[in-house]
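Trainee: One structure, as structure tokens, below. Some questions next.
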Amino acid sequence: MTRQLDPQARALIDKAIEAGNPEMYDLEPAEARTLFVELSRGVAPEKLEVAEVSDRHIKGPNGGIRVRVYSPMNESASLPALVYFHGGGWVIGDLETHDAVCRWLSVRAQCVVVSVDYRMGPEHKFPAAVEDCVAATKWVLSGRDLANVDPRAVAVGGDSAGANLAAVVTHELKDSSSTPLSFQLLIYPATDLTRAEASQKDLAKGYRLTGVLMDWFINHYLNRAEERIDPRASPLFANNFSNLPPALVITAGFDPLRDEGLRYNEKLEAAGVATHYRCYDGMIHGFMSMGGWLDKGNEALDYAGDCLAEAFSKVQV
């Protein structure tokens, strides 16, 4: 199959080159975070209006975890919820960089979205992010502090590193939670930190997420190289994929993470998990957060929101 880079994606890559910003991997993490906030603001999707946005602090395994709760304009007393983990290579990104994405999904799926400000590397190495994401998901599933959320209709999701964490959370909770998760939304997930798939090599340069940047992220996140095959870091290495919640896996044709996303979907399917898989062939990594520039980003957000709504409709009573 011959893929063609979408003209809007090509224009965005060219504009980024012309801007002459430093490469993330040449910066200290704090500097990279600041740059990422600025870049994200310039390409973000439209910020849709929701009924309420509130920041909360919940109990975590090592202190408090900040979460941001988005409520749609829906007067129902019991709404489904998506626990969302932002992307950024476990090093950059925050509640602000993914605000527009969370708003869009809340509106489109008519669900509460709980965006999680999990701990990141290098200050907090693996598995700190996993622990925070598990704790935040358990908090939502408990149904104690979100009066308008139905704990029987809770999904997890995220993009890139956030999708990695969402996938890991489903494995961590499938045997330990009395209330099962209803869905997992995996947007260009990182599932194999050994970077062994062909797309990691074929697309390592020229499409913004480079091989050098991937290693910069991974080295800041993990404590040692051996952890690249730990299933809590690379969920593709999990032994058992049965009894996981239904999934939507989205990939991009010009994304180094493309093949590992497909492989993860194949493992879910082989274990009998109901999945939807869609590759946006002309797109680059991160495109769903770039709807201000990329029409396909908004299209994919609509599709993800519709899939969420459909999944929630099957568990509502």
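Going through the structure tokens in order, the chains are called A, B, and so on, while each chain numbers its residues from 1 and the ligands are numbered from 1 in the order shown.
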Can you tell me, as a PyMOL selection string, what residues are no more than 8 Å from Glu172 of chain A when counting only C-alpha atoms, ignoring any on the same chain fewer than 4 positions away?
Mentor: chain A and resi 134+168+176
Trainee: Deliver the residues from the most recent selection as a file, using all heavy atoms, as an mmCIF file, in the first residue's frame.
Mentor:
```
data_model
loop_
_atom_site.group_PDB
_atom_site.id
_atom_site.type_symbol
_atom_site.label_atom_id
_atom_site.label_comp_id
_atom_site.auth_asym_id
_atom_site.auth_seq_id
_atom_site.Cartn_x
_atom_site.Cartn_y
_atom_site.Cartn_z
ATOM 1 N N VAL A 134 -3.942 4.641 37.536
ATOM 2 C CA VAL A 134 -4.758 3.609 38.159
ATOM 3 C C VAL A 134 -5.575 4.206 39.303
ATOM 4 O O VAL A 134 -6.785 3.951 39.434
ATOM 5 C CB VAL A 134 -3.887 2.442 38.658
ATOM 6 C CG1 VAL A 134 -4.694 1.514 39.568
ATOM 7 C CG2 VAL A 134 -3.312 1.655 37.481
ATOM 8 N N VAL A 168 -2.493 0.220 29.753
ATOM 9 C CA VAL A 168 -1.929 -0.412 30.950
ATOM 10 C C VAL A 168 -2.969 -0.453 32.071
ATOM 11 O O VAL A 168 -3.104 -1.466 32.773
ATOM 12 C CB VAL A 168 -0.661 0.336 31.404
ATOM 13 C CG1 VAL A 168 -0.192 -0.165 32.770
ATOM 14 C CG2 VAL A 168 0.455 0.176 30.371
ATOM 15 N N SER A 176 -9.016 -6.669 39.316
ATOM 16 C CA SER A 176 -9.014 -6.123 40.672
ATOM 17 C C SER A 176 -10.158 -5.157 40.936
ATOM 18 O O SER A 176 -10.360 -4.737 42.068
ATOM 19 C CB SER A 176 -7.686 -5.394 40.936
ATOM 20 O OG SER A 176 -7.538 -4.288 40.060
#
```
Trainee: Excluding segment 139-155 of chain A and any residue of its chain fewer than 4 positions from it, enumerate the residues within 10 Å of it, using only C-alpha atoms, and give them as a short mmCIF file (atom, residue, chain, number, x, y, z; two decimals) with all heavy atoms, in the first residue's frame.
Mentor:
```cif
data_model
loop_
_atom_site.label_atom_id
_atom_site.label_comp_id
_atom_site.auth_asym_id
_atom_site.auth_seq_id
_atom_site.Cartn_x
_atom_site.Cartn_y
_atom_site.Cartn_z
N ILE A 58 -7.39 14.81 44.16
CA ILE A 58 -7.80 13.54 44.72
C ILE A 58 -6.58 12.85 45.35
O ILE A 58 -5.43 13.22 45.07
CB ILE A 58 -8.43 12.63 43.65
CG1 ILE A 58 -7.40 12.24 42.59
CG2 ILE A 58 -9.63 13.32 43.01
CD1 ILE A 58 -7.90 11.22 41.58
N LYS A 59 -6.86 11.86 46.15
CA LYS A 59 -5.78 11.15 46.82
C LYS A 59 -5.07 10.22 45.86
O LYS A 59 -5.69 9.45 45.13
CB LYS A 59 -6.34 10.35 48.00
CG LYS A 59 -5.27 9.66 48.84
CD LYS A 59 -5.89 8.93 50.02
CE LYS A 59 -4.82 8.26 50.87
NZ LYS A 59 -5.41 7.52 52.02
N GLY A 60 -3.72 10.31 45.85
CA GLY A 60 -2.92 9.44 45.02
C GLY A 60 -1.99 8.59 45.85
O GLY A 60 -1.94 8.71 47.09
N VAL A 69 -12.29 18.16 35.61
CA VAL A 69 -13.56 17.50 35.31
C VAL A 69 -14.38 18.38 34.37
O VAL A 69 -14.67 19.54 34.69
CB VAL A 69 -14.35 17.21 36.59
CG1 VAL A 69 -15.66 16.49 36.27
CG2 VAL A 69 -13.51 16.39 37.57
N SER A 71 -17.95 18.73 32.37
CA SER A 71 -19.33 18.24 32.34
C SER A 71 -20.05 18.83 31.13
O SER A 71 -20.02 20.05 30.92
CB SER A 71 -20.08 18.64 33.62
OG SER A 71 -19.48 18.03 34.75
N GLU A 75 -28.54 17.62 31.32
CA GLU A 75 -29.11 17.68 32.66
C GLU A 75 -29.40 16.32 33.26
O GLU A 75 -29.99 16.23 34.34
CB GLU A 75 -30.39 18.52 32.62
CG GLU A 75 -30.13 19.98 32.24
CD GLU A 75 -31.40 20.80 32.24
OE1 GLU A 75 -32.48 20.21 32.47
OE2 GLU A 75 -31.31 22.01 32.01
N SER A 76 -28.97 15.27 32.60
CA SER A 76 -29.19 13.93 33.14
C SER A 76 -28.50 13.79 34.49
O SER A 76 -27.39 14.30 34.71
CB SER A 76 -28.64 12.88 32.17
OG SER A 76 -28.68 11.60 32.75
N ALA A 77 -29.14 13.09 35.38
CA ALA A 77 -28.59 12.89 36.72
C ALA A 77 -27.49 11.84 36.74
O ALA A 77 -26.77 11.71 37.73
CB ALA A 77 -29.69 12.49 37.69
N SER A 78 -27.35 11.09 35.65
CA SER A 78 -26.37 10.01 35.61
C SER A 78 -25.75 9.95 34.23
O SER A 78 -26.40 9.56 33.26
CB SER A 78 -27.04 8.68 35.96
OG SER A 78 -26.10 7.64 36.01
N LEU A 79 -24.48 10.33 34.13
CA LEU A 79 -23.79 10.42 32.86
C LEU A 79 -22.62 9.43 32.80
O LEU A 79 -22.03 9.11 33.84
CB LEU A 79 -23.24 11.83 32.64
CG LEU A 79 -24.26 12.93 32.41
CD1 LEU A 79 -23.57 14.29 32.47
CD2 LEU A 79 -24.96 12.76 31.08
N PRO A 80 -22.26 8.97 31.62
CA PRO A 80 -21.03 8.18 31.49
C PRO A 80 -19.82 9.08 31.66
O PRO A 80 -19.92 10.31 31.63
CB PRO A 80 -21.13 7.62 30.07
CG PRO A 80 -21.96 8.62 29.33
CD PRO A 80 -22.95 9.15 30.33
N ALA A 81 -18.66 8.45 31.82
CA ALA A 81 -17.43 9.22 32.05
C ALA A 81 -16.26 8.60 31.29
O ALA A 81 -16.16 7.38 31.16
CB ALA A 81 -17.09 9.31 33.54
N LEU A 82 -15.39 9.48 30.81
CA LEU A 82 -14.12 9.08 30.20
C LEU A 82 -13.00 9.60 31.07
O LEU A 82 -12.91 10.81 31.33
CB LEU A 82 -14.00 9.67 28.80
CG LEU A 82 -12.62 9.59 28.13
CD1 LEU A 82 -12.24 8.15 27.83
CD2 LEU A 82 -12.57 10.44 26.86
N VAL A 83 -12.14 8.71 31.55
CA VAL A 83 -10.92 9.11 32.27
C VAL A 83 -9.84 9.26 31.22
O VAL A 83 -9.47 8.29 30.55
CB VAL A 83 -10.52 8.07 33.33
CG1 VAL A 83 -9.38 8.62 34.20
CG2 VAL A 83 -11.71 7.69 34.21
N TYR A 84 -9.31 10.49 31.06
CA TYR A 84 -8.42 10.79 29.94
C TYR A 84 -7.00 11.09 30.43
O TYR A 84 -6.81 11.88 31.36
CB TYR A 84 -8.93 11.99 29.14
CG TYR A 84 -8.25 12.11 27.79
CD1 TYR A 84 -8.73 11.40 26.69
CD2 TYR A 84 -7.12 12.89 27.64
CE1 TYR A 84 -8.09 11.48 25.46
CE2 TYR A 84 -6.48 12.98 26.41
CZ TYR A 84 -6.97 12.28 25.33
OH TYR A 84 -6.33 12.35 24.12
N CYS A 111 -20.50 13.02 27.64
CA CYS A 111 -20.01 12.35 28.83
C CYS A 111 -19.18 13.32 29.67
O CYS A 111 -18.68 14.34 29.17
CB CYS A 111 -19.16 11.13 28.47
SG CYS A 111 -17.57 11.51 27.67
N VAL A 112 -19.04 12.99 30.93
CA VAL A 112 -18.08 13.68 31.78
C VAL A 112 -16.68 13.21 31.38
O VAL A 112 -16.47 12.01 31.15
CB VAL A 112 -18.36 13.37 33.26
CG1 VAL A 112 -17.25 13.93 34.16
CG2 VAL A 112 -19.72 13.92 33.67
N VAL A 113 -15.75 14.13 31.28
CA VAL A 113 -14.36 13.77 31.02
C VAL A 113 -13.52 14.17 32.23
O VAL A 113 -13.60 15.32 32.70
CB VAL A 113 -13.80 14.44 29.75
CG1 VAL A 113 -12.31 14.15 29.59
CG2 VAL A 113 -14.55 13.95 28.52
N VAL A 114 -12.75 13.24 32.74
CA VAL A 114 -11.85 13.50 33.87
C VAL A 114 -10.43 13.40 33.35
O VAL A 114 -9.93 12.32 33.06
CB VAL A 114 -12.08 12.49 35.02
CG1 VAL A 114 -11.12 12.79 36.18
CG2 VAL A 114 -13.54 12.53 35.49
N CYS A 133 -2.47 7.00 37.32
CA CYS A 133 -3.58 6.76 36.40
C CYS A 133 -4.51 5.67 36.93
O CYS A 133 -5.74 5.77 36.79
CB CYS A 133 -3.05 6.42 35.01
SG CYS A 133 -2.23 7.82 34.20
N VAL A 134 -3.94 4.64 37.54
CA VAL A 134 -4.76 3.61 38.16
C VAL A 134 -5.58 4.21 39.30
O VAL A 134 -6.79 3.95 39.43
CB VAL A 134 -3.89 2.44 38.66
CG1 VAL A 134 -4.69 1.51 39.57
CG2 VAL A 134 -3.31 1.65 37.48
N ALA A 135 -4.93 5.02 40.13
CA ALA A 135 -5.62 5.62 41.28
C ALA A 135 -6.75 6.54 40.83
O ALA A 135 -7.85 6.51 41.40
CB ALA A 135 -4.62 6.40 42.13
N ALA A 166 -3.53 4.34 29.29
CA ALA A 166 -4.90 3.82 29.29
C ALA A 166 -4.91 2.32 29.08
O ALA A 166 -5.63 1.58 29.76
CB ALA A 166 -5.72 4.53 28.21
N THR A 170 -6.15 -0.72 31.84
CA THR A 170 -7.13 -1.80 31.63
C THR A 170 -6.59 -3.14 32.08
O THR A 170 -7.33 -3.97 32.64
CB THR A 170 -7.56 -1.89 30.15
OG1 THR A 170 -6.48 -2.31 29.33
CG2 THR A 170 -8.11 -0.57 29.65
N SER A 177 -10.91 -4.79 39.91
CA SER A 177 -11.98 -3.83 40.10
C SER A 177 -13.33 -4.54 40.08
O SER A 177 -13.61 -5.34 39.19
CB SER A 177 -11.94 -2.76 39.00
OG SER A 177 -13.04 -1.88 39.11
N SER A 178 -14.17 -4.23 41.05
CA SER A 178 -15.49 -4.84 41.11
C SER A 178 -16.40 -4.28 40.01
O SER A 178 -17.37 -4.93 39.61
CB SER A 178 -16.13 -4.60 42.47
OG SER A 178 -16.21 -3.21 42.75
N THR A 179 -16.10 -3.07 39.54
CA THR A 179 -16.86 -2.46 38.46
C THR A 179 -15.99 -2.42 37.21
O THR A 179 -14.98 -1.71 37.17
CB THR A 179 -17.28 -1.02 38.82
OG1 THR A 179 -17.99 -1.03 40.05
CG2 THR A 179 -18.16 -0.43 37.74
N PRO A 180 -16.32 -3.18 36.18
CA PRO A 180 -15.44 -3.24 35.01
C PRO A 180 -15.50 -1.96 34.18
O PRO A 180 -16.52 -1.27 34.14
CB PRO A 180 -16.00 -4.43 34.22
CG PRO A 180 -17.43 -4.50 34.61
CD PRO A 180 -17.48 -4.07 36.05
N LEU A 181 -14.40 -1.65 33.53
CA LEU A 181 -14.37 -0.55 32.58
C LEU A 181 -15.19 -0.93 31.35
O LEU A 181 -15.22 -2.09 30.94
CB LEU A 181 -12.94 -0.24 32.18
CG LEU A 181 -12.06 0.38 33.27
CD1 LEU A 181 -10.58 0.29 32.91
CD2 LEU A 181 -12.46 1.83 33.51
N SER A 182 -15.83 0.06 30.76
CA SER A 182 -16.74 -0.23 29.66
C SER A 182 -16.10 -0.04 28.29
O SER A 182 -16.64 -0.53 27.29
CB SER A 182 -17.99 0.66 29.76
OG SER A 182 -17.64 2.02 29.74
N PHE A 183 -14.95 0.65 28.20
CA PHE A 183 -14.37 0.96 26.89
C PHE A 183 -12.97 1.49 27.09
O PHE A 183 -12.62 2.01 28.15
CB PHE A 183 -15.23 2.01 26.18
CG PHE A 183 -14.97 2.15 24.70
CD1 PHE A 183 -15.34 1.15 23.82
CD2 PHE A 183 -14.37 3.29 24.19
CE1 PHE A 183 -15.13 1.28 22.45
CE2 PHE A 183 -14.15 3.44 22.83
CZ PHE A 183 -14.52 2.42 21.96
N GLN A 184 -12.14 1.35 26.03
CA GLN A 184 -10.82 1.98 26.02
C GLN A 184 -10.62 2.68 24.67
O GLN A 184 -10.81 2.09 23.62
CB GLN A 184 -9.71 0.97 26.29
CG GLN A 184 -9.71 -0.28 25.45
CD GLN A 184 -8.59 -1.24 25.81
OE1 GLN A 184 -7.46 -0.84 26.09
NE2 GLN A 184 -8.90 -2.53 25.83
N LEU A 185 -10.24 3.95 24.76
CA LEU A 185 -10.01 4.79 23.58
C LEU A 185 -8.50 4.99 23.45
O LEU A 185 -7.90 5.72 24.24
CB LEU A 185 -10.72 6.13 23.75
CG LEU A 185 -10.41 7.22 22.73
CD1 LEU A 185 -10.79 6.78 21.32
CD2 LEU A 185 -11.12 8.51 23.11
N PRO A 245 -11.74 -4.45 28.20
CA PRO A 245 -12.92 -3.76 27.66
C PRO A 245 -12.81 -3.54 26.15
O PRO A 245 -11.70 -3.52 25.59
CB PRO A 245 -12.90 -2.41 28.41
CG PRO A 245 -11.50 -2.23 28.85
CD PRO A 245 -10.97 -3.60 29.13
N PRO A 246 -13.94 -3.38 25.47
CA PRO A 246 -13.92 -3.08 24.04
C PRO A 246 -13.05 -1.86 23.76
O PRO A 246 -12.87 -0.99 24.63
CB PRO A 246 -15.39 -2.80 23.72
CG PRO A 246 -16.16 -3.50 24.78
CD PRO A 246 -15.30 -3.44 26.02
N ALA A 247 -12.53 -1.78 22.54
CA ALA A 247 -11.54 -0.75 22.24
C ALA A 247 -11.77 -0.10 20.89
O ALA A 247 -12.27 -0.72 19.95
CB ALA A 247 -10.13 -1.36 22.28
N LEU A 308 -17.36 6.41 21.45
CA LEU A 308 -17.57 6.45 22.89
C LEU A 308 -19.06 6.42 23.23
O LEU A 308 -19.51 5.65 24.08
CB LEU A 308 -16.94 7.71 23.48
CG LEU A 308 -15.47 7.69 23.85
CD1 LEU A 308 -15.00 9.10 24.20
CD2 LEU A 308 -15.20 6.76 25.02
N ALA A 311 -20.51 3.03 22.69
CA ALA A 311 -20.11 2.09 23.74
C ALA A 311 -20.87 2.36 25.04
O ALA A 311 -21.33 1.42 25.71
CB ALA A 311 -18.61 2.20 23.98
N PHE A 312 -21.03 3.63 25.38
CA PHE A 312 -21.75 3.96 26.61
C PHE A 312 -23.21 3.54 26.51
O PHE A 312 -23.82 3.13 27.50
CB PHE A 312 -21.66 5.46 26.88
CG PHE A 312 -20.30 5.93 27.32
CD1 PHE A 312 -19.78 7.14 26.86
CD2 PHE A 312 -19.54 5.19 28.21
CE1 PHE A 312 -18.52 7.58 27.28
CE2 PHE A 312 -18.29 5.62 28.63
CZ PHE A 312 -17.78 6.83 28.15
N SER A 313 -23.79 3.66 25.33
CA SER A 313 -25.21 3.31 25.17
C SER A 313 -25.46 1.83 25.46
O SER A 313 -26.57 1.46 25.84
CB SER A 313 -25.69 3.67 23.76
OG SER A 313 -25.14 2.78 22.80
N LYS A 314 -24.46 1.02 25.29
CA LYS A 314 -24.62 -0.41 25.49
C LYS A 314 -24.57 -0.81 26.96
O LYS A 314 -24.96 -1.93 27.31
CB LYS A 314 -23.53 -1.17 24.71
CG LYS A 314 -23.67 -1.03 23.20
CD LYS A 314 -22.53 -1.72 22.47
CE LYS A 314 -22.68 -1.57 20.96
NZ LYS A 314 -21.56 -2.21 20.22
N VAL A 315 -24.04 0.07 27.80
CA VAL A 315 -23.95 -0.28 29.22
C VAL A 315 -24.91 0.52 30.08
O VAL A 315 -25.06 0.26 31.26
CB VAL A 315 -22.52 -0.09 29.76
CG1 VAL A 315 -21.57 -1.05 29.08
CG2 VAL A 315 -22.04 1.34 29.59
N GLN A 316 -25.57 1.52 29.50
CA GLN A 316 -26.52 2.31 30.28
C GLN A 316 -27.76 1.46 30.58
O GLN A 316 -28.21 0.66 29.76
CB GLN A 316 -26.95 3.56 29.49
CG GLN A 316 -25.80 4.55 29.29
CD GLN A 316 -25.57 5.42 30.50
OE1 GLN A 316 -25.77 4.98 31.64
NE2 GLN A 316 -25.15 6.65 30.29
N VAL A 317 -28.30 1.64 31.74
CA VAL A 317 -29.54 0.93 32.12
C VAL A 317 -30.57 1.93 32.60
O VAL A 317 -30.26 3.05 32.93
CB VAL A 317 -29.26 -0.11 33.22
CG1 VAL A 317 -28.37 -1.21 32.70
CG2 VAL A 317 -28.63 0.52 34.45
#
```
Trainee: Give me, as a PyMOL selection string, the residues of segment 142-266 of chain A that a backbone DSSP run labels alpha helix (DSSP H).
Mentor: chain A and resi 142+161-173+198-202+211-221+258-266
Trainee: Excluding Ala204 of chain A and residues on its chain fewer than 4 positions from it, collect all residues at most 12 Å away from it, counting only C-alpha atoms, and give them as a PDB file with N, CA, C and O atoms, in the first residue's frame.
Mentor:
```
ATOM      1  N   ARG A 195      10.759  -0.282  20.541  1.00  0.00           N
ATOM      2  CA  ARG A 195      10.771   0.377  19.225  1.00  0.00           C
ATOM      3  C   ARG A 195      11.176  -0.598  18.119  1.00  0.00           C
ATOM      4  O   ARG A 195      11.925  -0.276  17.221  1.00  0.00           O
ATOM      5  N   ALA A 196      10.616  -1.804  18.197  1.00  0.00           N
ATOM      6  CA  ALA A 196      11.021  -2.880  17.284  1.00  0.00           C
ATOM      7  C   ALA A 196      10.220  -2.914  15.984  1.00  0.00           C
ATOM      8  O   ALA A 196      10.644  -3.562  15.026  1.00  0.00           O
ATOM      9  N   GLU A 197       9.069  -2.251  15.936  1.00  0.00           N
ATOM     10  CA  GLU A 197       8.215  -2.353  14.759  1.00  0.00           C
ATOM     11  C   GLU A 197       8.807  -1.598  13.565  1.00  0.00           C
ATOM     12  O   GLU A 197       9.558  -0.636  13.726  1.00  0.00           O
ATOM     13  N   ALA A 198       8.428  -2.028  12.363  1.00  0.00           N
ATOM     14  CA  ALA A 198       9.014  -1.469  11.141  1.00  0.00           C
ATOM     15  C   ALA A 198       8.778   0.024  11.007  1.00  0.00           C
ATOM     16  O   ALA A 198       9.670   0.774  10.558  1.00  0.00           O
ATOM     17  N   SER A 199       7.594   0.502  11.391  1.00  0.00           N
ATOM     18  CA  SER A 199       7.305   1.933  11.233  1.00  0.00           C
ATOM     19  C   SER A 199       8.203   2.797  12.112  1.00  0.00           C
ATOM     20  O   SER A 199       8.453   3.971  11.788  1.00  0.00           O
ATOM     21  N   GLN A 200       8.713   2.238  13.216  1.00  0.00           N
ATOM     22  CA  GLN A 200       9.646   2.993  14.053  1.00  0.00           C
ATOM     23  C   GLN A 200      10.941   3.294  13.296  1.00  0.00           C
ATOM     24  O   GLN A 200      11.589   4.309  13.547  1.00  0.00           O
ATOM     25  N   ARG A 208       8.015  14.842  12.430  1.00  0.00           N
ATOM     26  CA  ARG A 208       7.919  15.515  13.725  1.00  0.00           C
ATOM     27  C   ARG A 208       8.233  14.608  14.917  1.00  0.00           C
ATOM     28  O   ARG A 208       9.070  14.928  15.718  1.00  0.00           O
ATOM     29  N   LEU A 209       7.565  13.468  15.065  1.00  0.00           N
ATOM     30  CA  LEU A 209       7.964  12.521  16.113  1.00  0.00           C
ATOM     31  C   LEU A 209       9.075  11.647  15.541  1.00  0.00           C
ATOM     32  O   LEU A 209       8.824  10.764  14.724  1.00  0.00           O
ATOM     33  N   THR A 210      10.296  11.901  15.966  1.00  0.00           N
ATOM     34  CA  THR A 210      11.456  11.194  15.405  1.00  0.00           C
ATOM     35  C   THR A 210      11.931  10.098  16.355  1.00  0.00           C
ATOM     36  O   THR A 210      11.543  10.050  17.525  1.00  0.00           O
ATOM     37  N   GLY A 211      12.786   9.236  15.831  1.00  0.00           N
ATOM     38  CA  GLY A 211      13.362   8.195  16.670  1.00  0.00           C
ATOM     39  C   GLY A 211      14.194   8.758  17.802  1.00  0.00           C
ATOM     40  O   GLY A 211      14.166   8.253  18.926  1.00  0.00           O
ATOM     41  N   VAL A 212      14.924   9.824  17.520  1.00  0.00           N
ATOM     42  CA  VAL A 212      15.734  10.464  18.560  1.00  0.00           C
ATOM     43  C   VAL A 212      14.841  11.003  19.670  1.00  0.00           C
ATOM     44  O   VAL A 212      15.143  10.855  20.865  1.00  0.00           O
ATOM     45  N   LEU A 213      13.727  11.634  19.291  1.00  0.00           N
ATOM     46  CA  LEU A 213      12.815  12.174  20.295  1.00  0.00           C
ATOM     47  C   LEU A 213      12.156  11.054  21.089  1.00  0.00           C
ATOM     48  O   LEU A 213      11.985  11.170  22.315  1.00  0.00           O
ATOM     49  N   MET A 214      11.802   9.957  20.417  1.00  0.00           N
ATOM     50  CA  MET A 214      11.218   8.822  21.142  1.00  0.00           C
ATOM     51  C   MET A 214      12.165   8.318  22.222  1.00  0.00           C
ATOM     52  O   MET A 214      11.757   8.063  23.364  1.00  0.00           O
ATOM     53  N   ASP A 215      13.426   8.172  21.894  1.00  0.00           N
ATOM     54  CA  ASP A 215      14.393   7.692  22.884  1.00  0.00           C
ATOM     55  C   ASP A 215      14.585   8.710  24.006  1.00  0.00           C
ATOM     56  O   ASP A 215      14.793   8.318  25.168  1.00  0.00           O
ATOM     57  N   PHE A 254       1.637   8.153   8.856  1.00  0.00           N
ATOM     58  CA  PHE A 254       3.012   8.642   8.878  1.00  0.00           C
ATOM     59  C   PHE A 254       3.486   8.849  10.315  1.00  0.00           C
ATOM     60  O   PHE A 254       4.190   9.806  10.630  1.00  0.00           O
ATOM     61  N   ASP A 255       3.118   7.929  11.165  1.00  0.00           N
ATOM     62  CA  ASP A 255       3.458   7.957  12.590  1.00  0.00           C
ATOM     63  C   ASP A 255       4.358   6.769  12.905  1.00  0.00           C
ATOM     64  O   ASP A 255       4.003   5.626  12.593  1.00  0.00           O
ATOM     65  N   PRO A 256       5.511   6.990  13.530  1.00  0.00           N
ATOM     66  CA  PRO A 256       6.354   5.863  13.931  1.00  0.00           C
ATOM     67  C   PRO A 256       5.630   4.838  14.813  1.00  0.00           C
ATOM     68  O   PRO A 256       6.007   3.664  14.836  1.00  0.00           O
ATOM     69  N   LEU A 257       4.584   5.254  15.513  1.00  0.00           N
ATOM     70  CA  LEU A 257       3.842   4.344  16.392  1.00  0.00           C
ATOM     71  C   LEU A 257       2.762   3.546  15.660  1.00  0.00           C
ATOM     72  O   LEU A 257       2.071   2.735  16.285  1.00  0.00           O
ATOM     73  N   ARG A 258       2.648   3.738  14.365  1.00  0.00           N
ATOM     74  CA  ARG A 258       1.562   3.114  13.601  1.00  0.00           C
ATOM     75  C   ARG A 258       1.508   1.596  13.770  1.00  0.00           C
ATOM     76  O   ARG A 258       0.468   1.026  14.109  1.00  0.00           O
ATOM     77  N   ILE A 284      -0.075  12.479  10.553  1.00  0.00           N
ATOM     78  CA  ILE A 284       1.147  12.359  11.345  1.00  0.00           C
ATOM     79  C   ILE A 284       0.781  12.189  12.820  1.00  0.00           C
ATOM     80  O   ILE A 284      -0.366  12.396  13.221  1.00  0.00           O
ATOM     81  N   HIS A 285       1.762  11.819  13.607  1.00  0.00           N
ATOM     82  CA  HIS A 285       1.544  11.662  15.041  1.00  0.00           C
ATOM     83  C   HIS A 285       1.039  12.974  15.645  1.00  0.00           C
ATOM     84  O   HIS A 285       1.523  14.050  15.321  1.00  0.00           O
TER      85      HIS A 285
END
```
Trainee: Per residue of segment 37-114 of chain A within 8 Å of segment 217-238 of chain A, which atom pair is closest and at what distance in Å (one decimal), using only C-alpha atoms, listed by chain and increasing number, as CSV?
Mentor:
```
residue,atom,partner,partner_atom,distance
A:Gly89,CA,A:Phe217,CA,5.2
A:Trp90,CA,A:Tyr221,CA,6.1
A:Val91,CA,A:Phe217,CA,6.3
```
Trainee: Write the residues of the preceding selection, restricted to N, CA, C and O atoms, as an mmCIF file, in the first residue's frame.
Mentor:
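Output contents, as saved in result03.cif:
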```
data_model
loop_
_atom_site.group_PDB
_atom_site.id
_atom_site.type_symbol
_atom_site.label_atom_id
_atom_site.label_comp_id
_atom_site.auth_asym_id
_atom_site.auth_seq_id
_atom_site.Cartn_x
_atom_site.Cartn_y
_atom_site.Cartn_z
ATOM 1 N N GLY A 89 4.781 11.855 25.744
ATOM 2 C CA GLY A 89 5.967 11.044 25.995
ATOM 3 C C GLY A 89 6.293 10.825 27.458
ATOM 4 O O GLY A 89 7.460 10.590 27.797
ATOM 5 N N TRP A 90 5.280 10.906 28.333
ATOM 6 C CA TRP A 90 5.483 10.731 29.785
ATOM 7 C C TRP A 90 6.398 11.808 30.374
ATOM 8 O O TRP A 90 6.837 11.703 31.519
ATOM 9 N N VAL A 91 6.661 12.872 29.606
ATOM 10 C CA VAL A 91 7.599 13.920 30.046
ATOM 11 C C VAL A 91 6.982 15.309 29.908
ATOM 12 O O VAL A 91 7.160 16.164 30.771
#
```
Trainee: For Val107 of chain A, which residue out of A:Leu48, A:Ala300, A:Ala167, A:Met24 is the nearest one, using only C-alpha atoms?
Mentor: A:Leu48
Trainee: Among segment 4-222 of chain A, which ones does DSSP place in strand (DSSP E), written as a VMD selection string?
Mentor: chain A and resid 52 to 60 63 to 71 79 to 85 112 to 117 149 to 159 183 to 187
Trainee: Quick one: everything within 9 Å of Met73 of chain A, counting only C-alpha atoms, minus sequence neighbours fewer than 5 positions away in the same chain. Send it as a PDB file with N, CA, C and O atoms, in the first residue's frame.
Mentor:
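Below is the file that was written, result_10.pdb:
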```pdb
ATOM      1  N   GLU A  49     -17.723  24.745  24.031  1.00  0.00           N
ATOM      2  CA  GLU A  49     -18.288  25.132  25.320  1.00  0.00           C
ATOM      3  C   GLU A  49     -18.919  23.929  26.008  1.00  0.00           C
ATOM      4  O   GLU A  49     -19.648  23.148  25.400  1.00  0.00           O
ATOM      5  N   VAL A  50     -18.612  23.778  27.278  1.00  0.00           N
ATOM      6  CA  VAL A  50     -19.232  22.743  28.106  1.00  0.00           C
ATOM      7  C   VAL A  50     -19.952  23.425  29.263  1.00  0.00           C
ATOM      8  O   VAL A  50     -19.821  24.634  29.480  1.00  0.00           O
ATOM      9  N   ALA A  51     -20.711  22.652  30.013  1.00  0.00           N
ATOM     10  CA  ALA A  51     -21.494  23.238  31.094  1.00  0.00           C
ATOM     11  C   ALA A  51     -20.620  23.695  32.251  1.00  0.00           C
ATOM     12  O   ALA A  51     -20.853  24.755  32.843  1.00  0.00           O
ATOM     13  N   GLU A  52     -19.588  22.910  32.555  1.00  0.00           N
ATOM     14  CA  GLU A  52     -18.761  23.229  33.730  1.00  0.00           C
ATOM     15  C   GLU A  52     -17.393  22.586  33.587  1.00  0.00           C
ATOM     16  O   GLU A  52     -17.263  21.473  33.068  1.00  0.00           O
ATOM     17  N   VAL A 107     -18.344  16.955  24.677  1.00  0.00           N
ATOM     18  CA  VAL A 107     -19.510  17.422  23.925  1.00  0.00           C
ATOM     19  C   VAL A 107     -20.008  16.342  22.966  1.00  0.00           C
ATOM     20  O   VAL A 107     -21.205  16.046  22.901  1.00  0.00           O
ATOM     21  N   GLN A 110     -21.226  13.307  24.910  1.00  0.00           N
ATOM     22  CA  GLN A 110     -22.140  13.642  25.999  1.00  0.00           C
ATOM     23  C   GLN A 110     -21.769  12.879  27.264  1.00  0.00           C
ATOM     24  O   GLN A 110     -22.591  12.187  27.881  1.00  0.00           O
TER      25      GLN A 110
END
```
